[in-house]
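K.L.:
As input, take upload.txt (compact mmCIF, N, CA and C atoms):
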```txt
# COMPACT_ATOMS: atom_id res chain seq x y z
N MET A 1 52.70 18.91 118.52
CA MET A 1 51.92 19.47 117.45
C MET A 1 51.25 20.76 117.90
N LYS A 2 50.65 20.77 119.12
CA LYS A 2 49.99 21.96 119.62
C LYS A 2 51.00 23.07 119.88
N LYS A 3 52.21 22.70 120.36
CA LYS A 3 53.25 23.69 120.61
C LYS A 3 53.68 24.36 119.32
N CYS A 4 53.77 23.61 118.25
CA CYS A 4 54.17 24.16 116.96
C CYS A 4 53.12 25.16 116.46
N ALA A 5 51.84 24.83 116.60
CA ALA A 5 50.77 25.73 116.16
C ALA A 5 50.78 27.01 116.99
N LEU A 6 50.98 26.89 118.32
CA LEU A 6 51.03 28.05 119.18
C LEU A 6 52.22 28.93 118.82
N PHE A 7 53.37 28.33 118.56
CA PHE A 7 54.55 29.08 118.17
C PHE A 7 54.30 29.84 116.87
N LYS A 8 53.68 29.19 115.90
CA LYS A 8 53.38 29.85 114.62
C LYS A 8 52.42 31.01 114.82
N LEU A 9 51.43 30.85 115.69
CA LEU A 9 50.49 31.92 115.97
C LEU A 9 51.19 33.11 116.61
N LEU A 10 52.03 32.86 117.62
CA LEU A 10 52.78 33.94 118.27
C LEU A 10 53.72 34.64 117.31
N LEU A 11 54.38 33.87 116.45
CA LEU A 11 55.27 34.46 115.46
C LEU A 11 54.50 35.34 114.49
N ALA A 12 53.35 34.88 114.05
CA ALA A 12 52.53 35.66 113.13
C ALA A 12 52.07 36.97 113.77
N ILE A 13 51.68 36.91 115.05
CA ILE A 13 51.25 38.12 115.75
C ILE A 13 52.40 39.11 115.87
N CYS A 14 53.58 38.62 116.22
CA CYS A 14 54.75 39.50 116.36
C CYS A 14 55.12 40.12 115.02
N LEU A 15 55.10 39.35 113.96
CA LEU A 15 55.44 39.88 112.64
C LEU A 15 54.40 40.89 112.18
N TYR A 16 53.12 40.60 112.42
CA TYR A 16 52.05 41.48 111.98
C TYR A 16 52.08 42.81 112.72
N THR A 17 52.40 42.80 114.01
CA THR A 17 52.38 44.02 114.81
C THR A 17 53.74 44.69 114.91
N GLY A 18 54.73 44.18 114.23
CA GLY A 18 56.06 44.76 114.32
C GLY A 18 56.73 44.48 115.65
N GLY A 19 56.25 43.48 116.38
CA GLY A 19 56.83 43.13 117.67
C GLY A 19 56.29 43.97 118.81
N ALA A 20 55.34 44.86 118.53
CA ALA A 20 54.86 45.78 119.56
C ALA A 20 54.23 45.05 120.75
N VAL A 21 53.51 43.97 120.51
CA VAL A 21 52.89 43.28 121.64
C VAL A 21 53.92 42.52 122.47
N ALA A 22 55.07 42.25 121.91
CA ALA A 22 56.09 41.51 122.63
C ALA A 22 56.91 42.42 123.55
N ASP A 23 56.69 43.74 123.46
CA ASP A 23 57.49 44.68 124.23
C ASP A 23 56.59 45.50 125.14
N PRO A 24 56.36 45.04 126.39
CA PRO A 24 55.41 45.69 127.28
C PRO A 24 55.98 46.89 128.04
N VAL A 25 57.14 47.39 127.65
CA VAL A 25 57.79 48.49 128.35
C VAL A 25 56.91 49.73 128.31
N SER A 26 56.78 50.38 129.45
CA SER A 26 56.04 51.63 129.52
C SER A 26 57.03 52.77 129.72
N ILE A 27 56.93 53.79 128.89
CA ILE A 27 57.84 54.93 128.93
C ILE A 27 57.21 56.06 129.74
N ASN A 28 57.97 56.65 130.64
CA ASN A 28 57.52 57.82 131.38
C ASN A 28 57.50 59.00 130.41
N PRO A 29 56.34 59.64 130.21
CA PRO A 29 56.26 60.75 129.24
C PRO A 29 57.22 61.89 129.56
N ASP A 30 57.55 62.10 130.83
CA ASP A 30 58.47 63.18 131.19
C ASP A 30 59.84 62.99 130.55
N LEU A 31 60.21 61.75 130.25
CA LEU A 31 61.52 61.48 129.67
C LEU A 31 61.65 61.95 128.23
N ILE A 32 60.53 62.04 127.51
CA ILE A 32 60.63 62.43 126.10
C ILE A 32 60.39 63.92 125.87
N ILE A 33 59.96 64.63 126.93
CA ILE A 33 59.72 66.07 126.82
C ILE A 33 61.04 66.78 126.60
N GLY A 34 61.06 67.74 125.68
CA GLY A 34 62.26 68.54 125.48
C GLY A 34 62.56 68.78 124.02
N LYS A 35 63.73 69.34 123.79
CA LYS A 35 64.19 69.68 122.45
C LYS A 35 65.21 68.64 122.00
N TRP A 36 64.94 68.05 120.83
CA TRP A 36 65.78 66.99 120.28
C TRP A 36 66.30 67.41 118.92
N GLN A 37 67.42 66.80 118.52
CA GLN A 37 67.99 67.12 117.21
C GLN A 37 68.60 65.89 116.58
N ALA A 38 68.67 65.95 115.27
CA ALA A 38 69.33 64.88 114.51
C ALA A 38 70.00 65.51 113.30
N SER A 39 71.09 64.91 112.90
CA SER A 39 71.82 65.38 111.73
C SER A 39 72.29 64.15 110.96
N GLU A 40 72.02 64.16 109.67
CA GLU A 40 72.47 63.02 108.86
C GLU A 40 72.79 63.47 107.45
N PRO A 41 73.82 62.89 106.89
CA PRO A 41 74.13 63.21 105.49
C PRO A 41 73.23 62.39 104.57
N HIS A 42 72.78 63.01 103.51
CA HIS A 42 71.98 62.32 102.50
C HIS A 42 72.83 62.25 101.24
N PRO A 43 72.92 61.09 100.60
CA PRO A 43 73.81 60.94 99.46
C PRO A 43 73.51 61.87 98.29
N GLU A 44 72.26 62.30 98.16
CA GLU A 44 71.90 63.17 97.03
C GLU A 44 71.55 64.59 97.46
N GLN A 45 70.96 64.73 98.66
CA GLN A 45 70.45 66.02 99.09
C GLN A 45 71.49 66.87 99.83
N GLY A 46 72.39 66.22 100.55
CA GLY A 46 73.34 66.95 101.38
C GLY A 46 73.06 66.72 102.85
N ASN A 47 73.39 67.69 103.69
CA ASN A 47 73.23 67.54 105.13
C ASN A 47 71.81 67.88 105.56
N ILE A 48 71.15 66.95 106.26
CA ILE A 48 69.79 67.14 106.75
C ILE A 48 69.84 67.33 108.26
N GLU A 49 69.32 68.45 108.74
CA GLU A 49 69.26 68.76 110.16
C GLU A 49 67.80 68.82 110.59
N THR A 50 67.49 68.18 111.70
CA THR A 50 66.13 68.19 112.23
C THR A 50 66.15 68.66 113.68
N ILE A 51 65.26 69.58 114.00
CA ILE A 51 65.02 70.02 115.37
C ILE A 51 63.59 69.63 115.69
N PHE A 52 63.40 68.93 116.80
CA PHE A 52 62.10 68.38 117.16
C PHE A 52 61.82 68.72 118.62
N ILE A 53 60.74 69.43 118.89
CA ILE A 53 60.40 69.85 120.25
C ILE A 53 59.13 69.13 120.70
N ILE A 54 59.24 68.40 121.80
CA ILE A 54 58.11 67.67 122.38
C ILE A 54 57.73 68.39 123.67
N ASN A 55 56.50 68.91 123.72
CA ASN A 55 56.03 69.70 124.85
C ASN A 55 55.20 68.87 125.83
N ALA A 56 55.19 69.29 127.09
CA ALA A 56 54.46 68.59 128.14
C ALA A 56 52.94 68.64 127.94
N ASP A 57 52.46 69.61 127.15
CA ASP A 57 51.02 69.72 126.90
C ASP A 57 50.55 68.85 125.74
N ASN A 58 51.37 67.86 125.39
CA ASN A 58 51.08 66.91 124.31
C ASN A 58 51.02 67.55 122.93
N THR A 59 51.81 68.59 122.74
CA THR A 59 51.99 69.16 121.41
C THR A 59 53.46 68.97 121.02
N PHE A 60 53.72 69.07 119.73
CA PHE A 60 55.10 69.00 119.24
C PHE A 60 55.24 69.96 118.07
N SER A 61 56.47 70.30 117.76
CA SER A 61 56.77 71.11 116.58
C SER A 61 58.18 70.76 116.13
N GLY A 62 58.46 71.09 114.89
CA GLY A 62 59.79 70.78 114.40
C GLY A 62 60.10 71.49 113.10
N THR A 63 61.39 71.45 112.78
CA THR A 63 61.87 72.00 111.52
C THR A 63 62.91 71.06 110.94
N MET A 64 62.97 71.05 109.64
CA MET A 64 64.00 70.30 108.93
C MET A 64 64.66 71.23 107.93
N THR A 65 65.99 71.22 107.94
CA THR A 65 66.72 72.00 106.95
C THR A 65 67.60 71.05 106.14
N ILE A 66 67.80 71.42 104.89
CA ILE A 66 68.71 70.68 104.02
C ILE A 66 69.76 71.68 103.55
N ASN A 67 71.01 71.40 103.90
CA ASN A 67 72.11 72.31 103.61
C ASN A 67 71.80 73.72 104.12
N ASN A 68 71.31 73.80 105.34
CA ASN A 68 70.99 75.05 106.04
C ASN A 68 69.84 75.83 105.41
N ARG A 69 69.08 75.23 104.49
CA ARG A 69 67.92 75.88 103.90
C ARG A 69 66.65 75.22 104.45
N PRO A 70 65.69 76.04 104.92
CA PRO A 70 64.44 75.46 105.45
C PRO A 70 63.76 74.56 104.42
N ALA A 71 63.37 73.37 104.87
CA ALA A 71 62.70 72.43 103.98
C ALA A 71 61.32 72.05 104.49
N TRP A 72 61.14 71.98 105.82
CA TRP A 72 59.85 71.55 106.37
C TRP A 72 59.68 72.10 107.76
N GLN A 73 58.51 72.66 108.03
CA GLN A 73 58.11 73.08 109.36
C GLN A 73 56.78 72.39 109.65
N TYR A 74 56.62 71.89 110.87
CA TYR A 74 55.43 71.12 111.19
C TYR A 74 55.10 71.25 112.67
N ALA A 75 53.86 70.90 113.02
CA ALA A 75 53.42 70.92 114.41
C ALA A 75 52.20 70.01 114.54
N GLY A 76 51.94 69.58 115.77
CA GLY A 76 50.79 68.72 115.99
C GLY A 76 50.67 68.29 117.43
N THR A 77 50.01 67.17 117.63
CA THR A 77 49.81 66.63 118.97
C THR A 77 50.38 65.22 119.04
N TRP A 78 50.65 64.77 120.27
CA TRP A 78 51.19 63.42 120.47
C TRP A 78 50.50 62.76 121.65
N THR A 79 50.45 61.42 121.58
CA THR A 79 49.97 60.60 122.69
C THR A 79 50.95 59.46 122.89
N LEU A 80 51.07 59.01 124.11
CA LEU A 80 51.99 57.92 124.45
C LEU A 80 51.21 56.83 125.15
N GLU A 81 51.29 55.62 124.60
CA GLU A 81 50.68 54.45 125.22
C GLU A 81 51.75 53.37 125.32
N GLY A 82 52.16 53.08 126.56
CA GLY A 82 53.24 52.10 126.75
C GLY A 82 54.53 52.66 126.19
N ASN A 83 55.02 52.04 125.13
CA ASN A 83 56.24 52.54 124.48
C ASN A 83 55.96 52.97 123.04
N GLN A 84 54.68 53.20 122.72
CA GLN A 84 54.31 53.66 121.38
C GLN A 84 53.82 55.11 121.45
N VAL A 85 54.45 55.95 120.66
CA VAL A 85 54.05 57.35 120.60
C VAL A 85 53.42 57.60 119.23
N THR A 86 52.26 58.24 119.25
CA THR A 86 51.55 58.55 118.01
C THR A 86 51.57 60.05 117.80
N TRP A 87 51.97 60.45 116.60
CA TRP A 87 52.08 61.84 116.21
C TRP A 87 50.94 62.16 115.25
N VAL A 88 50.22 63.23 115.51
CA VAL A 88 49.18 63.70 114.60
C VAL A 88 49.61 65.08 114.11
N TYR A 89 49.89 65.18 112.82
CA TYR A 89 50.36 66.43 112.22
C TYR A 89 49.17 67.32 111.91
N LEU A 90 49.10 68.49 112.58
CA LEU A 90 48.01 69.44 112.38
C LEU A 90 48.42 70.60 111.50
N GLU A 91 49.72 70.89 111.45
CA GLU A 91 50.25 71.98 110.64
C GLU A 91 51.48 71.49 109.89
N SER A 92 51.62 71.94 108.65
CA SER A 92 52.78 71.60 107.85
C SER A 92 52.89 72.60 106.71
N ASN A 93 54.11 73.06 106.43
CA ASN A 93 54.27 73.97 105.31
C ASN A 93 54.36 73.23 103.97
N ILE A 94 54.37 71.91 104.02
CA ILE A 94 54.25 71.12 102.79
C ILE A 94 52.96 70.29 102.90
N ILE A 95 52.38 70.01 101.78
CA ILE A 95 51.13 69.25 101.78
C ILE A 95 51.42 67.80 102.14
N LEU A 96 50.69 67.30 103.14
CA LEU A 96 50.83 65.91 103.57
C LEU A 96 49.62 65.12 103.07
N LEU A 97 49.87 63.92 102.57
CA LEU A 97 48.78 63.02 102.24
C LEU A 97 48.07 62.63 103.53
N GLN A 98 46.83 62.24 103.44
CA GLN A 98 46.05 61.88 104.62
C GLN A 98 46.77 60.83 105.46
N GLU A 99 47.35 59.80 104.81
CA GLU A 99 48.03 58.74 105.56
C GLU A 99 49.32 59.21 106.21
N ASP A 100 49.84 60.38 105.81
CA ASP A 100 51.05 60.92 106.41
C ASP A 100 50.78 61.86 107.57
N LYS A 101 49.50 62.14 107.84
CA LYS A 101 49.15 63.07 108.91
C LYS A 101 49.13 62.40 110.28
N ARG A 102 49.34 61.10 110.31
CA ARG A 102 49.38 60.34 111.57
C ARG A 102 50.48 59.30 111.44
N ASP A 103 51.32 59.21 112.47
CA ASP A 103 52.42 58.25 112.43
C ASP A 103 52.65 57.73 113.85
N THR A 104 53.04 56.47 113.95
CA THR A 104 53.30 55.87 115.26
C THR A 104 54.71 55.30 115.27
N ASP A 105 55.43 55.60 116.34
CA ASP A 105 56.79 55.09 116.53
C ASP A 105 56.84 54.25 117.80
N LEU A 106 57.70 53.25 117.77
CA LEU A 106 57.97 52.41 118.93
C LEU A 106 59.25 52.94 119.57
N ILE A 107 59.18 53.42 120.80
CA ILE A 107 60.37 53.92 121.48
C ILE A 107 61.20 52.74 121.94
N LEU A 108 62.41 52.66 121.46
CA LEU A 108 63.32 51.56 121.80
C LEU A 108 64.09 51.86 123.08
N SER A 109 64.50 53.11 123.25
CA SER A 109 65.21 53.52 124.47
C SER A 109 65.17 55.03 124.57
N VAL A 110 65.21 55.52 125.80
CA VAL A 110 65.28 56.96 126.03
C VAL A 110 66.14 57.19 127.26
N SER A 111 67.00 58.20 127.17
CA SER A 111 67.86 58.57 128.29
C SER A 111 67.92 60.08 128.35
N ASP A 112 68.75 60.61 129.23
CA ASP A 112 68.92 62.07 129.32
C ASP A 112 69.49 62.64 128.02
N ASP A 113 70.21 61.81 127.26
CA ASP A 113 70.92 62.30 126.08
C ASP A 113 70.34 61.86 124.74
N SER A 114 69.60 60.75 124.69
CA SER A 114 69.15 60.26 123.39
C SER A 114 67.79 59.57 123.46
N LEU A 115 67.13 59.54 122.33
CA LEU A 115 65.85 58.88 122.18
C LEU A 115 65.92 58.07 120.89
N SER A 116 65.85 56.75 121.02
CA SER A 116 65.90 55.87 119.85
C SER A 116 64.51 55.28 119.63
N TYR A 117 64.12 55.22 118.36
CA TYR A 117 62.77 54.75 118.04
C TYR A 117 62.76 54.04 116.68
N ARG A 118 61.70 53.28 116.47
CA ARG A 118 61.49 52.62 115.17
C ARG A 118 60.12 53.02 114.66
N SER A 119 60.07 53.50 113.44
CA SER A 119 58.81 53.83 112.80
C SER A 119 58.05 52.54 112.50
N LEU A 120 56.84 52.42 113.01
CA LEU A 120 56.06 51.21 112.74
C LEU A 120 55.61 51.17 111.29
N ARG A 121 55.51 52.30 110.67
CA ARG A 121 55.07 52.37 109.27
C ARG A 121 56.20 52.03 108.30
N ARG A 122 57.37 52.59 108.52
CA ARG A 122 58.49 52.40 107.60
C ARG A 122 59.49 51.36 108.08
N GLY A 123 59.48 51.03 109.37
CA GLY A 123 60.41 50.06 109.92
C GLY A 123 61.81 50.60 110.16
N LYS A 124 62.02 51.87 109.88
CA LYS A 124 63.35 52.49 110.02
C LYS A 124 63.61 52.87 111.48
N GLU A 125 64.82 52.57 111.96
CA GLU A 125 65.24 52.96 113.30
C GLU A 125 66.05 54.25 113.22
N SER A 126 65.80 55.17 114.15
CA SER A 126 66.49 56.45 114.19
C SER A 126 66.78 56.83 115.63
N THR A 127 67.71 57.75 115.81
CA THR A 127 68.05 58.26 117.14
C THR A 127 68.10 59.77 117.09
N LEU A 128 67.45 60.39 118.08
CA LEU A 128 67.52 61.83 118.28
C LEU A 128 68.42 62.09 119.47
N LEU A 129 69.16 63.18 119.44
CA LEU A 129 70.00 63.60 120.57
C LEU A 129 69.36 64.80 121.23
N ARG A 130 69.41 64.81 122.56
CA ARG A 130 68.83 65.96 123.26
C ARG A 130 69.67 67.20 122.96
N ALA A 131 68.98 68.26 122.55
CA ALA A 131 69.67 69.52 122.25
C ALA A 131 70.09 70.20 123.55
N LYS A 132 71.27 70.75 123.53
CA LYS A 132 71.79 71.42 124.74
C LYS A 132 71.37 72.86 124.76
```
Would you write the structure of this file as structure tokens?
P.N.:
Amino acid sequence: MKKCALFKLLLAICLYTGGAVADPVSINPDLIIGKWQASEPHPEQGNIETIFIINADNTFSGTMTINNRPAWQYAGTWTLEGNQVTWVYLESNIILLQEDKRDTDLILSVSDDSLSYRSLRRGKESTLLRAK
């Protein structure tokens, strides 16, 4: 009976936190520094290209184009705790709602070539490729 209650409590914690407490991996910040890119087709918008630059001074910047036309430029600061990176958007050429000015991602894996993460807010998993 006690084991069942403990299991339910642990399950509730994992579901509530998106599994973040169950993953104690610590990411070396040097691994995420650099220029990253992503490209994906959108069924209605067309081709979406993202360039994302993560700097060693805990700043970031990026651009998004849709069909080679500028759609979004942004910049801000980042912090890394364990495997969670928090982005604070300080500049944007589009108006961001207050809740969109801060976002946290769970880094799933990082290598010389790719960085995979899951948005804790949206639950979506994405992968960036290191730009050459």
K.L.:
As an exercise, work out the distance from atom N of A:Gly82 to atom C of A:Lys124 in Å and give it to one decimal place.
P.N.:
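That distance, rounded to one decimal, is 18.9 Å.
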K.L.:
Please return as a list of chain:residue names every residue within 9 Å of (58.5, 61.3, 126.2), taking into account only C-alpha atoms and the file's own coordinates.
P.N.:
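Output of the proximity query reads A:Ile27, A:Asn28, A:Pro29, A:Asp30, A:Leu31, A:Ile32, A:Ile33, A:Gly34, A:Ile54, A:Asn55, A:Ala56, A:Leu80, A:Val85, A:Ile107, A:Val110, A:Leu115.
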K.L.:
For the selection you just gave me, I'd like the residues written to a file as an mmCIF file, in the frame of the given file, keeping N, CA and C atoms.
P.N.:
```cif
data_model
loop_
_atom_site.group_PDB
_atom_site.id
_atom_site.type_symbol
_atom_site.label_atom_id
_atom_site.label_comp_id
_atom_site.auth_asym_id
_atom_site.auth_seq_id
_atom_site.Cartn_x
_atom_site.Cartn_y
_atom_site.Cartn_z
ATOM 1 N N ILE A 27 56.930 53.790 128.890
ATOM 2 C CA ILE A 27 57.840 54.930 128.930
ATOM 3 C C ILE A 27 57.210 56.060 129.740
ATOM 4 N N ASN A 28 57.970 56.650 130.640
ATOM 5 C CA ASN A 28 57.520 57.820 131.380
ATOM 6 C C ASN A 28 57.500 59.000 130.410
ATOM 7 N N PRO A 29 56.340 59.640 130.210
ATOM 8 C CA PRO A 29 56.260 60.750 129.240
ATOM 9 C C PRO A 29 57.220 61.890 129.560
ATOM 10 N N ASP A 30 57.550 62.100 130.830
ATOM 11 C CA ASP A 30 58.470 63.180 131.190
ATOM 12 C C ASP A 30 59.840 62.990 130.550
ATOM 13 N N LEU A 31 60.210 61.750 130.250
ATOM 14 C CA LEU A 31 61.520 61.480 129.670
ATOM 15 C C LEU A 31 61.650 61.950 128.230
ATOM 16 N N ILE A 32 60.530 62.040 127.510
ATOM 17 C CA ILE A 32 60.630 62.430 126.100
ATOM 18 C C ILE A 32 60.390 63.920 125.870
ATOM 19 N N ILE A 33 59.960 64.630 126.930
ATOM 20 C CA ILE A 33 59.720 66.070 126.820
ATOM 21 C C ILE A 33 61.040 66.780 126.600
ATOM 22 N N GLY A 34 61.060 67.740 125.680
ATOM 23 C CA GLY A 34 62.260 68.540 125.480
ATOM 24 C C GLY A 34 62.560 68.780 124.020
ATOM 25 N N ILE A 54 59.240 68.400 121.800
ATOM 26 C CA ILE A 54 58.110 67.670 122.380
ATOM 27 C C ILE A 54 57.730 68.390 123.670
ATOM 28 N N ASN A 55 56.500 68.910 123.720
ATOM 29 C CA ASN A 55 56.030 69.700 124.850
ATOM 30 C C ASN A 55 55.200 68.870 125.830
ATOM 31 N N ALA A 56 55.190 69.290 127.090
ATOM 32 C CA ALA A 56 54.460 68.590 128.140
ATOM 33 C C ALA A 56 52.940 68.640 127.940
ATOM 34 N N LEU A 80 51.070 59.010 124.110
ATOM 35 C CA LEU A 80 51.990 57.920 124.450
ATOM 36 C C LEU A 80 51.210 56.830 125.150
ATOM 37 N N VAL A 85 54.450 55.950 120.660
ATOM 38 C CA VAL A 85 54.050 57.350 120.600
ATOM 39 C C VAL A 85 53.420 57.600 119.230
ATOM 40 N N ILE A 107 59.180 53.420 120.800
ATOM 41 C CA ILE A 107 60.370 53.920 121.480
ATOM 42 C C ILE A 107 61.200 52.740 121.940
ATOM 43 N N VAL A 110 65.210 55.520 125.800
ATOM 44 C CA VAL A 110 65.280 56.960 126.030
ATOM 45 C C VAL A 110 66.140 57.190 127.260
ATOM 46 N N LEU A 115 67.130 59.540 122.330
ATOM 47 C CA LEU A 115 65.850 58.880 122.180
ATOM 48 C C LEU A 115 65.920 58.070 120.890
#
```
K.L.:
So, counting all atoms listed in the file, which residue among A:Ser26, A:Thr86, A:Ser92, A:Asn67 is closest to A:Gln45?
P.N.:
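Nearest to A:Gln45: A:Asn67.
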K.L.:
Excluding A:Ala38 and any residue of its chain fewer than 5 positions from it, enumerate the residues within 6.5 Å of it, using all atoms listed in the file, and give them as a ChimeraX atom specification.
P.N.:
/A:48-52,127-129
K.L.:
Select from chain A everything DSSP, run on the backbone, classes as alpha helix (DSSP H), then give the selection as a ChimeraX atom specification.
P.N.:
/A:2-17
K.L.:
What separation in Å, quoted to one decimal, exists between atom N of A:Ser116 and atom CA of A:Arg130?
P.N.:
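Interatomic distance, atom N of A:Ser116 to atom CA of A:Arg130: 9.9 Å.
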K.L.:
By how many Å are atom N of A:Tyr74 and atom CA of A:Gly62 apart?
P.N.:
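Calculated distance between atom N of A:Tyr74 and atom CA of A:Gly62 is 4.9 Å.
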K.L.:
Pick the closest to A:Trp87 from A:Gly46, A:Ala131, A:Gly123, A:Asp103: which is it, counting all atoms listed in the file?
P.N.:
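Between A:Gly46, A:Ala131, A:Gly123, A:Asp103, the residue approaching A:Trp87 most closely is A:Asp103.
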K.L.:
Would you mind telling me which residue in A:Thr59, A:Ser109, A:Asn68, A:Ser114 lies nearest to A:Asn83 when using only C-alpha atoms?
P.N.:
A:Ser109
K.L.:
Just checking: using all atoms listed in the file, which residue out of A:Lys101, A:Asn47, A:Tyr117, A:Asn93 ends up closest to A:Arg69?
P.N.:
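Once distances to A:Arg69 are computed over all atoms listed in the file, the minimum belongs to A:Asn47.
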K.L.:
Using only C-alpha atoms, can you tell me which of A:Met64, A:Leu90, A:Ile53, A:Leu106 comes closest to A:Gly76?
P.N.:
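Smallest separation from A:Gly76 among the options: A:Leu90.
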K.L.:
Mind listing the strand (DSSP E) residues of chain A, per DSSP on the backbone, as a VMD selection string?
P.N.:
chain A and resid 34 to 42 46 to 54 59 to 66 69 to 81 84 to 92 102 to 110 114 to 119 125 to 130
